[in-house]
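Asks: So I've got this file, structure12.txt, and it contains compact mmCIF, C-alpha atoms:
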# COMPACT_ATOMS: atom_id res chain seq x y z
CA MET G 1 0.00 0.00 0.00
CA LYS G 2 2.25 2.65 -1.43
CA ARG G 3 1.77 6.38 -1.93
CA ILE G 4 1.39 7.65 -5.49
CA ASP G 5 1.49 11.14 -6.99
CA GLU G 6 -1.74 13.09 -7.12
CA PRO G 7 -3.21 13.69 -10.59
CA THR G 8 -1.96 16.89 -12.21
CA LEU G 9 -5.28 17.33 -13.99
CA SER G 10 -7.65 19.83 -12.36
CA ALA G 11 -11.22 18.96 -11.46
CA GLU G 12 -12.51 21.94 -13.45
CA ASN G 13 -10.66 20.87 -16.58
CA LEU G 14 -12.01 17.32 -16.47
CA ILE G 15 -15.59 18.25 -15.49
CA ARG G 16 -15.87 20.80 -18.31
CA LYS G 17 -14.39 18.40 -20.86
CA CYS G 18 -16.84 15.68 -19.88
CA VAL G 19 -19.75 18.13 -20.15
CA ASP G 20 -18.53 19.44 -23.52
CA ARG G 21 -18.44 15.89 -24.89
CA SER G 22 -21.95 15.11 -23.68
CA SER G 23 -24.60 14.32 -26.27
CA LYS G 24 -26.99 17.07 -27.34
CA SER G 25 -29.84 15.48 -25.41
CA ASN G 26 -27.85 15.46 -22.14
CA LYS G 27 -25.68 18.56 -22.52
CA LYS G 28 -28.11 21.11 -21.07
CA SER G 29 -28.70 18.98 -17.98
CA ALA G 30 -24.96 18.40 -17.60
CA GLU G 31 -24.14 22.11 -17.90
CA ARG G 32 -26.40 22.85 -14.92
CA LEU G 33 -24.22 20.56 -12.79
CA ILE G 34 -20.86 22.22 -13.52
CA ALA G 35 -21.06 24.65 -10.60
CA PRO G 36 -22.25 22.18 -7.92
CA MET G 37 -19.74 19.55 -9.10
CA LEU G 38 -16.90 22.07 -8.94
CA SER G 39 -18.01 23.06 -5.43
CA ALA G 40 -18.20 19.40 -4.35
CA SER G 41 -14.73 18.73 -5.80
CA ALA G 42 -13.18 21.69 -3.96
CA THR G 43 -14.78 20.59 -0.68
CA TYR G 44 -13.63 17.00 -1.18
CA GLU G 45 -10.04 18.02 -1.95
CA ASN G 46 -9.87 20.00 1.28
CA VAL G 47 -11.38 17.16 3.30
CA VAL G 48 -9.01 14.53 1.89
CA ARG G 49 -5.93 16.61 2.57
CA ASN G 50 -7.01 17.01 6.19
CA GLY G 51 -6.68 13.24 6.66
CA ALA G 52 -8.71 10.29 7.88
CA SER G 53 -10.36 12.11 10.78
CA SER G 54 -11.99 14.49 8.27
CA ILE G 55 -12.88 11.80 5.73
CA CYS G 56 -14.92 9.81 8.26
CA GLN G 57 -17.06 12.91 8.91
CA ILE G 58 -18.03 13.40 5.27
CA ASN G 59 -21.67 14.31 4.72
CA LYS G 60 -22.96 12.39 1.70
CA ALA G 61 -25.52 15.09 0.91
CA SER G 62 -22.70 17.56 0.14
CA PHE G 63 -21.53 15.42 -2.77
CA SER G 64 -24.78 14.45 -4.47
CA GLY G 65 -27.74 16.16 -6.08
CA SER G 66 -31.18 16.79 -4.71
CA SER G 67 -32.87 14.70 -7.40
CA LYS G 68 -32.36 11.29 -8.95
CA ASP G 69 -32.17 12.89 -12.40
CA ASP G 70 -29.25 15.13 -11.38
CA ASN G 71 -27.41 12.20 -9.82
CA ASP G 72 -27.93 10.04 -12.91
CA VAL G 73 -26.56 12.81 -15.15
CA ALA G 74 -23.50 13.24 -12.89
CA LYS G 75 -22.74 9.52 -12.88
CA ALA G 76 -23.21 9.33 -16.65
CA LEU G 77 -20.41 11.86 -17.19
CA TYR G 78 -17.93 9.20 -16.06
CA GLN G 79 -19.70 6.20 -17.56
CA ARG G 80 -19.98 7.75 -21.03
CA GLN G 81 -16.64 9.57 -21.22
CA ARG G 82 -14.17 7.27 -19.44
CA SER G 83 -13.26 5.43 -22.66
CA ARG G 84 -13.41 8.55 -24.85
CA LEU G 85 -11.22 11.02 -23.01
CA GLY G 86 -7.47 10.49 -22.78
CA GLU G 87 -7.47 12.32 -19.45
CA PHE G 88 -8.76 9.20 -17.71
CA GLU G 89 -5.88 7.17 -19.15
CA GLN G 90 -3.54 9.94 -17.98
CA ILE G 91 -4.78 9.49 -14.40
CA LYS G 92 -4.23 5.72 -14.63
CA GLY G 93 -0.70 6.23 -15.90
CA ASN G 94 1.54 3.15 -16.02
CA MET G 95 1.96 1.77 -12.52
CA ARG G 96 1.33 -1.10 -10.18
CA CYS G 97 -1.88 -1.07 -8.18
CA PRO G 98 -1.23 0.97 -5.01
CA TYR G 99 -3.65 -1.19 -3.02
CA CYS G 100 -2.01 -4.61 -3.55
CA GLY G 101 1.35 -3.47 -4.97
CA VAL G 102 1.39 -6.37 -7.43
CA ASN G 103 -0.99 -6.16 -10.39
CA HIS G 104 -0.98 -3.55 -13.13
CA ALA G 105 -3.32 -0.63 -12.46
CA ASN G 106 -5.64 -0.97 -15.45
CA GLN G 107 -8.79 0.56 -13.94
CA LEU G 108 -9.91 3.60 -11.95
CA ASP G 109 -11.53 3.17 -8.55
CA HIS G 110 -13.82 5.83 -7.13
CA TYR G 111 -12.42 6.22 -3.61
CA LEU G 112 -15.84 7.51 -2.55
CA PRO G 113 -18.21 5.41 -4.69
CA LYS G 114 -19.98 7.23 -7.50
CA ALA G 115 -23.20 5.39 -6.63
CA ASP G 116 -23.46 7.52 -3.47
CA TYR G 117 -21.19 10.51 -4.16
CA GLN G 118 -22.34 11.32 -7.68
CA TYR G 119 -20.87 14.84 -7.84
CA LEU G 120 -17.38 13.32 -7.42
CA SER G 121 -17.75 10.94 -10.36
CA VAL G 122 -15.07 12.74 -12.41
CA THR G 123 -13.08 14.47 -9.65
CA PRO G 124 -9.45 13.42 -10.36
CA LEU G 125 -8.52 13.17 -6.65
CA ASN G 126 -11.40 10.70 -6.17
CA LEU G 127 -10.14 8.44 -8.99
CA ILE G 128 -7.54 5.92 -7.81
CA PRO G 129 -5.55 3.86 -10.37
CA CYS G 130 -5.91 0.20 -9.34
CA CYS G 131 -6.09 -3.34 -10.65
CA GLN G 132 -9.27 -5.10 -11.67
CA ARG G 133 -9.14 -7.44 -8.69
CA CYS G 134 -8.79 -4.73 -6.01
CA ASN G 135 -11.40 -2.58 -7.71
CA GLY G 136 -13.85 -5.48 -7.67
CA VAL G 137 -13.22 -6.24 -3.99
CA LYS G 138 -13.51 -2.59 -2.97
CA ARG G 139 -16.61 -2.02 -5.12
CA ALA G 140 -18.42 -4.63 -3.05
CA THR G 141 -17.65 -2.72 0.15
CA ALA G 142 -19.78 0.28 1.09
CA PHE G 143 -18.04 3.37 2.48
CA THR G 144 -19.33 3.35 6.04
CA ALA G 145 -16.38 4.71 8.05
CA GLN G 146 -17.58 6.14 11.35
CA GLN G 147 -14.15 6.71 12.86
CA ALA G 148 -10.66 7.43 11.58
CA GLU G 149 -9.41 3.88 12.25
CA THR G 150 -11.87 2.45 9.69
CA VAL G 151 -11.12 4.88 6.85
CA LEU G 152 -9.68 2.93 3.91
CA PHE G 153 -6.13 3.59 2.74
CA ASN G 154 -5.89 6.51 0.27
CA PRO G 155 -2.68 6.33 -1.80
CA TYR G 156 -2.82 10.00 -2.79
CA ILE G 157 -2.32 11.26 0.74
CA GLU G 158 -0.48 8.55 2.70
CA ASP G 159 2.08 5.77 2.53
CA PHE G 160 1.67 2.41 4.28
CA ASP G 161 4.89 1.10 2.74
CA ASP G 162 7.26 3.33 4.69
CA GLU G 163 7.84 0.51 7.19
CA ARG G 164 7.77 -3.27 7.01
CA TRP G 165 4.61 -4.84 8.46
CA LEU G 166 3.93 -7.92 6.32
CA THR G 167 4.60 -11.27 7.97
CA VAL G 168 4.42 -14.73 6.46
CA SER G 169 3.99 -18.02 8.30
CA ILE G 170 3.74 -21.58 7.01
CA ALA G 171 1.09 -24.03 8.18
CA GLU G 172 3.26 -27.04 9.02
CA THR G 173 0.64 -29.68 8.38
CA PRO G 174 0.99 -32.77 6.15
CA THR G 175 0.12 -32.18 2.50
CA GLU G 176 -0.43 -34.44 -0.48
CA LYS G 177 2.31 -35.03 -3.01
CA GLY G 178 2.42 -32.15 -5.48
CA LYS G 179 0.64 -29.77 -3.09
CA LEU G 180 2.11 -26.72 -1.38
CA PRO G 181 1.46 -26.13 2.32
CA ALA G 182 -0.54 -23.00 3.16
CA PHE G 183 1.46 -19.77 3.35
CA ILE G 184 -0.36 -17.29 5.59
CA PHE G 185 0.11 -13.57 4.92
CA SER G 186 -0.80 -11.20 7.72
CA VAL G 187 -0.08 -7.85 9.37
CA THR G 188 2.47 -7.92 12.17
CA ALA G 189 1.05 -7.88 15.68
CA VAL G 190 3.45 -5.12 16.71
CA LYS G 191 2.91 -1.55 15.50
CA PRO G 192 5.85 -0.23 13.44
CA SER G 193 7.90 2.29 15.38
CA GLY G 194 7.02 5.85 14.48
CA TRP G 195 3.46 4.95 13.46
CA SER G 196 0.41 6.21 15.31
CA LYS G 197 -2.11 3.71 16.63
CA GLU G 198 -4.66 5.14 14.19
CA LYS G 199 -2.43 4.51 11.17
CA PHE G 200 -1.73 0.95 12.28
CA GLU G 201 -5.42 0.20 12.80
CA ARG G 202 -6.21 1.66 9.40
CA LEU G 203 -3.59 -0.59 7.82
CA ARG G 204 -5.17 -3.63 9.48
CA HIS G 205 -8.65 -2.53 8.39
CA SER G 206 -7.54 -1.87 4.79
CA PHE G 207 -5.61 -5.17 4.59
CA SER G 208 -8.71 -7.04 5.70
CA THR G 209 -11.25 -5.07 3.63
CA LEU G 210 -9.26 -5.44 0.41
CA LYS G 211 -8.66 -9.15 1.15
CA ILE G 212 -4.95 -8.77 0.55
CA SER G 213 -4.08 -11.94 2.46
CA GLU G 214 -6.24 -14.07 0.17
CA GLN G 215 -4.79 -12.40 -2.91
CA TYR G 216 -1.18 -12.92 -1.83
CA SER G 217 -1.87 -16.57 -1.01
CA GLU G 218 -3.35 -17.15 -4.48
CA LEU G 219 -0.48 -15.33 -6.19
CA TRP G 220 2.09 -17.32 -4.21
CA VAL G 221 0.58 -20.63 -5.29
CA ASP G 222 0.64 -19.46 -8.92
CA ASP G 223 4.27 -18.35 -8.54
CA CYS G 224 5.37 -21.67 -7.09
CA ASN G 225 3.55 -23.68 -9.74
CA SER G 226 5.28 -21.61 -12.44
CA TRP G 227 8.67 -22.23 -10.78
CA SER G 228 8.25 -25.96 -10.15
CA THR G 229 9.91 -27.18 -13.37
CA SER G 230 12.99 -24.99 -12.93
CA PHE G 231 13.15 -25.95 -9.23
CA CYS G 232 13.22 -29.65 -10.19
CA GLU G 233 16.03 -28.99 -12.63
CA LEU G 234 17.99 -27.12 -9.99
CA TRP G 235 17.38 -29.91 -7.50
CA ASP G 236 19.13 -32.35 -9.86
CA LYS G 237 21.99 -29.88 -10.10
CA TYR G 238 22.33 -29.48 -6.33
CA ARG G 239 21.36 -33.02 -5.33
CA ASP G 240 24.81 -33.83 -3.97
CA LYS G 241 25.00 -30.60 -1.99
CA LYS G 242 23.87 -30.16 1.60
CA ASN G 243 20.18 -29.16 1.64
CA PRO G 244 19.48 -28.43 -2.06
CA ALA G 245 16.15 -26.82 -1.11
CA ARG G 246 17.84 -23.91 0.63
CA LYS G 247 20.28 -23.42 -2.25
CA ILE G 248 17.35 -23.16 -4.67
CA LEU G 249 15.38 -20.79 -2.44
CA LYS G 250 18.43 -18.59 -1.76
CA ARG G 251 19.00 -18.30 -5.48
CA LYS G 252 15.37 -17.31 -6.05
CA TYR G 253 15.45 -14.83 -3.17
CA LYS G 254 18.65 -13.23 -4.48
CA TYR G 255 17.03 -12.38 -7.80
CA CYS G 256 13.59 -11.51 -6.41
CA ASP G 257 12.56 -8.02 -7.53
CA ASP G 258 10.50 -6.27 -4.86
CA TYR G 259 9.79 -3.26 -7.13
CA GLY G 260 10.80 -0.90 -4.36
CA ASN G 261 8.12 -2.22 -1.97
CA LYS G 262 9.10 -2.99 1.62
CA ASN G 263 6.13 -5.37 1.92
CA TYR G 264 6.36 -7.27 -1.36
CA TYR G 265 4.66 -10.61 -0.75
CA GLN G 266 7.02 -12.77 -2.83
CA LYS G 267 10.16 -11.63 -1.03
CA TRP G 268 8.79 -12.37 2.46
CA ALA G 269 7.26 -15.70 1.42
CA LEU G 270 10.65 -16.83 0.15
CA LYS G 271 12.22 -15.62 3.39
CA ALA G 272 9.70 -17.65 5.41
CA ALA G 273 10.38 -20.75 3.30
CA LEU G 274 14.13 -20.34 3.78
CA LYS G 275 13.76 -20.14 7.56
CA SER G 276 11.59 -23.25 7.84
CA ASP G 277 13.49 -26.53 8.27
CA TRP G 278 10.18 -28.36 7.87
CA PHE G 279 9.53 -26.78 4.49
CA CYS G 280 13.10 -27.27 3.23
CA TYR G 281 13.58 -30.86 4.39
CA GLU G 282 10.09 -32.30 4.19
CA SER G 283 7.49 -30.20 2.40
CA MET G 284 9.39 -28.83 -0.60
CA PRO G 285 10.68 -32.23 -1.82
CA LYS G 286 7.18 -33.68 -1.43
CA TRP G 287 5.64 -30.77 -3.35
CA LEU G 288 8.14 -31.21 -6.19
CA GLY G 289 7.72 -34.98 -6.19
CA ILE G 290 11.39 -35.61 -5.44
CA SER G 291 12.48 -38.81 -3.74
CA GLN G 292 15.36 -38.44 -1.28
Give the structure from this file in structure tokens form.
Replies:
Amino acid sequence: MKRIDEPTLSAENLIRKCVDRSSKSNKKSAERLIAPMLSASATYENVVRNGASSICQINKASFSGSSKDDNDVAKALYQRQRSRLGEFEQIKGNMRCPYCGVNHANQLDHYLPKADYQYLSVTPLNLIPCCQRCNGVKRATAFTAQQAETVLFNPYIEDFDDERWLTVSIAETPTEKGKLPAFIFSVTAVKPSGWSKEKFERLRHSFSTLKISEQYSELWVDDCNSWSTSFCELWDKYRDKKNPARKILKRKYKYCDDYGNKNYYQKWALKAALKSDWFCYESMPKWLGISQ
């Protein structure tokens, strides 16, 4: 959960462009919303920059219209223009998803959902570049923060990757041949030094809400399955050495790219595997189908 640069595009620029591109039948209705949408965007930008304690006090009525028709028109500005205007691609940029830190950010997430905060539907600061998976998980979660500790991570205003907090453990239970044991990804029980209690609780809440543990577990299984053939070949190479499993894992760890993330799942899963005698001596050979 890494901080990213705010969009350089202004809310006024994007709102007016979306209105200008509206169809003739919708343009007059859209033009009426320019002023209230600009006002909502300015209010939102101030609130966001004041941090989580301000975000949890947001009044939904300040960011939506007084009629269903107005709200439908506001939402339609994004729905109809997102694939037509290059500005939306500009906001996405070319980056990894700031929520999971793994997948390519190929979508835009409305930090405050456009279903309830219609006047922020094309506010750049409310549009977070993210991957399809994180967007889908977050979309299913209503924004109901009542206190600062339950405000979801916002990558435009904060960084949760300034300290290490990801831990990985291995469930040391018997597995079938060809099966990996469960690798469990979680947030450390001890608050990173220099962090406030609020920030730590928000990390835990965001990690749980976005189902990051489940995602990392799935990605790790896919990684290991893709490595299995090369691991078997390396095992034959190191068979006469002491503990070939650790030699293979050390080699993989050495060349593991963490993309500048202190909490990159792959790096810490490899570290956990290296530390586990059970995994190196018993589980890894069984997973690879190697007789000793």
Asks: Between CA of Ile157 in chain G and CA of Glu6 in chain G, what is the distance, to one decimal in Å?
Replies: 8.1 Å
Asks: Do you know which residues are at most 6 Å from range 279-291 of chain G counting all atoms listed in the file, after dropping those on the same chain fewer than 6 positions away, and could you put them as a ChimeraX atom specification?
Replies: /G:177-180,245
Asks: Might you pull out every residue within 12 Å of Arg96 in chain G, with only C-alpha atoms counted and same-chain residues fewer than 3 positions away left off, and present them as a PDB file with C-alpha atoms, keeping the file's coordinate frame?
Replies:
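Result went into out_22.pdb, see below:
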ATOM      1  CA  MET G   1       0.000   0.000   0.000  1.00  0.00           C
ATOM      2  CA  LYS G   2       2.250   2.650  -1.430  1.00  0.00           C
ATOM      3  CA  ARG G   3       1.770   6.380  -1.930  1.00  0.00           C
ATOM      4  CA  ILE G   4       1.390   7.650  -5.490  1.00  0.00           C
ATOM      5  CA  LYS G  92      -4.230   5.720 -14.630  1.00  0.00           C
ATOM      6  CA  GLY G  93      -0.700   6.230 -15.900  1.00  0.00           C
ATOM      7  CA  TYR G  99      -3.650  -1.190  -3.020  1.00  0.00           C
ATOM      8  CA  CYS G 100      -2.010  -4.610  -3.550  1.00  0.00           C
ATOM      9  CA  GLY G 101       1.350  -3.470  -4.970  1.00  0.00           C
ATOM     10  CA  VAL G 102       1.390  -6.370  -7.430  1.00  0.00           C
ATOM     11  CA  ASN G 103      -0.990  -6.160 -10.390  1.00  0.00           C
ATOM     12  CA  HIS G 104      -0.980  -3.550 -13.130  1.00  0.00           C
ATOM     13  CA  ALA G 105      -3.320  -0.630 -12.460  1.00  0.00           C
ATOM     14  CA  ASN G 106      -5.640  -0.970 -15.450  1.00  0.00           C
ATOM     15  CA  GLN G 107      -8.790   0.560 -13.940  1.00  0.00           C
ATOM     16  CA  ILE G 128      -7.540   5.920  -7.810  1.00  0.00           C
ATOM     17  CA  PRO G 129      -5.550   3.860 -10.370  1.00  0.00           C
ATOM     18  CA  CYS G 130      -5.910   0.200  -9.340  1.00  0.00           C
ATOM     19  CA  CYS G 131      -6.090  -3.340 -10.650  1.00  0.00           C
ATOM     20  CA  GLN G 132      -9.270  -5.100 -11.670  1.00  0.00           C
ATOM     21  CA  CYS G 134      -8.790  -4.730  -6.010  1.00  0.00           C
ATOM     22  CA  PRO G 155      -2.680   6.330  -1.800  1.00  0.00           C
ATOM     23  CA  ASP G 258      10.500  -6.270  -4.860  1.00  0.00           C
ATOM     24  CA  TYR G 259       9.790  -3.260  -7.130  1.00  0.00           C
ATOM     25  CA  GLY G 260      10.800  -0.900  -4.360  1.00  0.00           C
ATOM     26  CA  ASN G 261       8.120  -2.220  -1.970  1.00  0.00           C
ATOM     27  CA  TYR G 264       6.360  -7.270  -1.360  1.00  0.00           C
TER      28      TYR G 264
END
Asks: Once you count all atoms listed in the file, what closest atom pair and distance in Å to one decimal does each residue of range 108-181 of chain G within 7 Å of range 59-67 of chain G have, with rows by chain and rising residue number, as JSON lines?
Replies:
{"residue": "G:Tyr117", "atom": "CA", "partner": "G:Phe63", "partner_atom": "CA", "distance": 5.1}
{"residue": "G:Gln118", "atom": "CA", "partner": "G:Ser64", "partner_atom": "CA", "distance": 5.1}
{"residue": "G:Tyr119", "atom": "CA", "partner": "G:Phe63", "partner_atom": "CA", "distance": 5.1}
{"residue": "G:Leu120", "atom": "CA", "partner": "G:Phe63", "partner_atom": "CA", "distance": 6.6}
Asks: How far is it from CA of Arg204 in chain G to CA of Lys262 in chain G, in Å with one decimal?
Replies: 16.3 Å
Asks: Could you jot down the CA of Phe183 in chain G to CA of Asn225 in chain G separation for me, Å, one decimal place?
Replies: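 One can read the CA of Phe183 in chain G to CA of Asn225 in chain G distance as 13.8 Å.
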Asks: Quick one: residues within 9 Å of Ser29 in chain G, all atoms listed in the file, excluding same-chain residues fewer than 3 positions away - as JSON, numbers by chain?
Replies: {"G": [25, 26, 32, 33, 69, 70, 73]}
Asks: For Cys56 in chain G, which residue among G:Val187, G:Ala148, G:Ile248, G:Leu234 is the nearest when counting all atoms listed in the file?
Replies: G:Ala148
Asks: Out of G:Tyr265, G:Tyr78, G:Phe153, G:Tyr44, which residue has the shortest atom-to-atom distance to Ile15 in chain G when counting all atoms listed in the file?
Replies: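 With all atoms listed in the file as the atom set, the closest residue is G:Tyr78.
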Asks: Which residues come within 12 Å of Val47 in chain G, counting all atoms listed in the file, excluding same-chain residues fewer than 4 positions away, as a list in words?
Replies: Ala40, Ser41, Ala42, Thr43, Gly51, Ala52, Ser53, Ser54, Ile55, Cys56, Gln57, Ile58, Asn59, Ser62, Phe63, Leu125, Asn126 and Ile157 of chain G
Asks: Which residues come within 12 Å of Val190 in chain G, counting all atoms listed in the file, excluding same-chain residues fewer than 2 positions away, as a list in words?
Replies: Glu163, Arg164, Trp165, Leu166, Thr167, Ser186, Val187, Thr188, Pro192, Ser193, Gly194, Trp195, Ser196, Lys197, Phe200, Glu201 and Arg204 of chain G
Asks: Selection from above, C-alpha atoms, as a PDB file, keeping the file's coordinate frame, can you write it?
Replies:
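The new file result_36.pdb reads:
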ATOM      1  CA  GLU G 163       7.840   0.510   7.190  1.00  0.00           C
ATOM      2  CA  ARG G 164       7.770  -3.270   7.010  1.00  0.00           C
ATOM      3  CA  TRP G 165       4.610  -4.840   8.460  1.00  0.00           C
ATOM      4  CA  LEU G 166       3.930  -7.920   6.320  1.00  0.00           C
ATOM      5  CA  THR G 167       4.600 -11.270   7.970  1.00  0.00           C
ATOM      6  CA  SER G 186      -0.800 -11.200   7.720  1.00  0.00           C
ATOM      7  CA  VAL G 187      -0.080  -7.850   9.370  1.00  0.00           C
ATOM      8  CA  THR G 188       2.470  -7.920  12.170  1.00  0.00           C
ATOM      9  CA  PRO G 192       5.850  -0.230  13.440  1.00  0.00           C
ATOM     10  CA  SER G 193       7.900   2.290  15.380  1.00  0.00           C
ATOM     11  CA  GLY G 194       7.020   5.850  14.480  1.00  0.00           C
ATOM     12  CA  TRP G 195       3.460   4.950  13.460  1.00  0.00           C
ATOM     13  CA  SER G 196       0.410   6.210  15.310  1.00  0.00           C
ATOM     14  CA  LYS G 197      -2.110   3.710  16.630  1.00  0.00           C
ATOM     15  CA  PHE G 200      -1.730   0.950  12.280  1.00  0.00           C
ATOM     16  CA  GLU G 201      -5.420   0.200  12.800  1.00  0.00           C
ATOM     17  CA  ARG G 204      -5.170  -3.630   9.480  1.00  0.00           C
TER      18      ARG G 204
END
Asks: I need the residue nearest Glu198 in chain G from this list: G:Tyr255, G:Ile212, G:Leu219, G:Val151. Use all atoms listed in the file for the distance.
Replies: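 Under the stated criterion, the closest residue is G:Val151.
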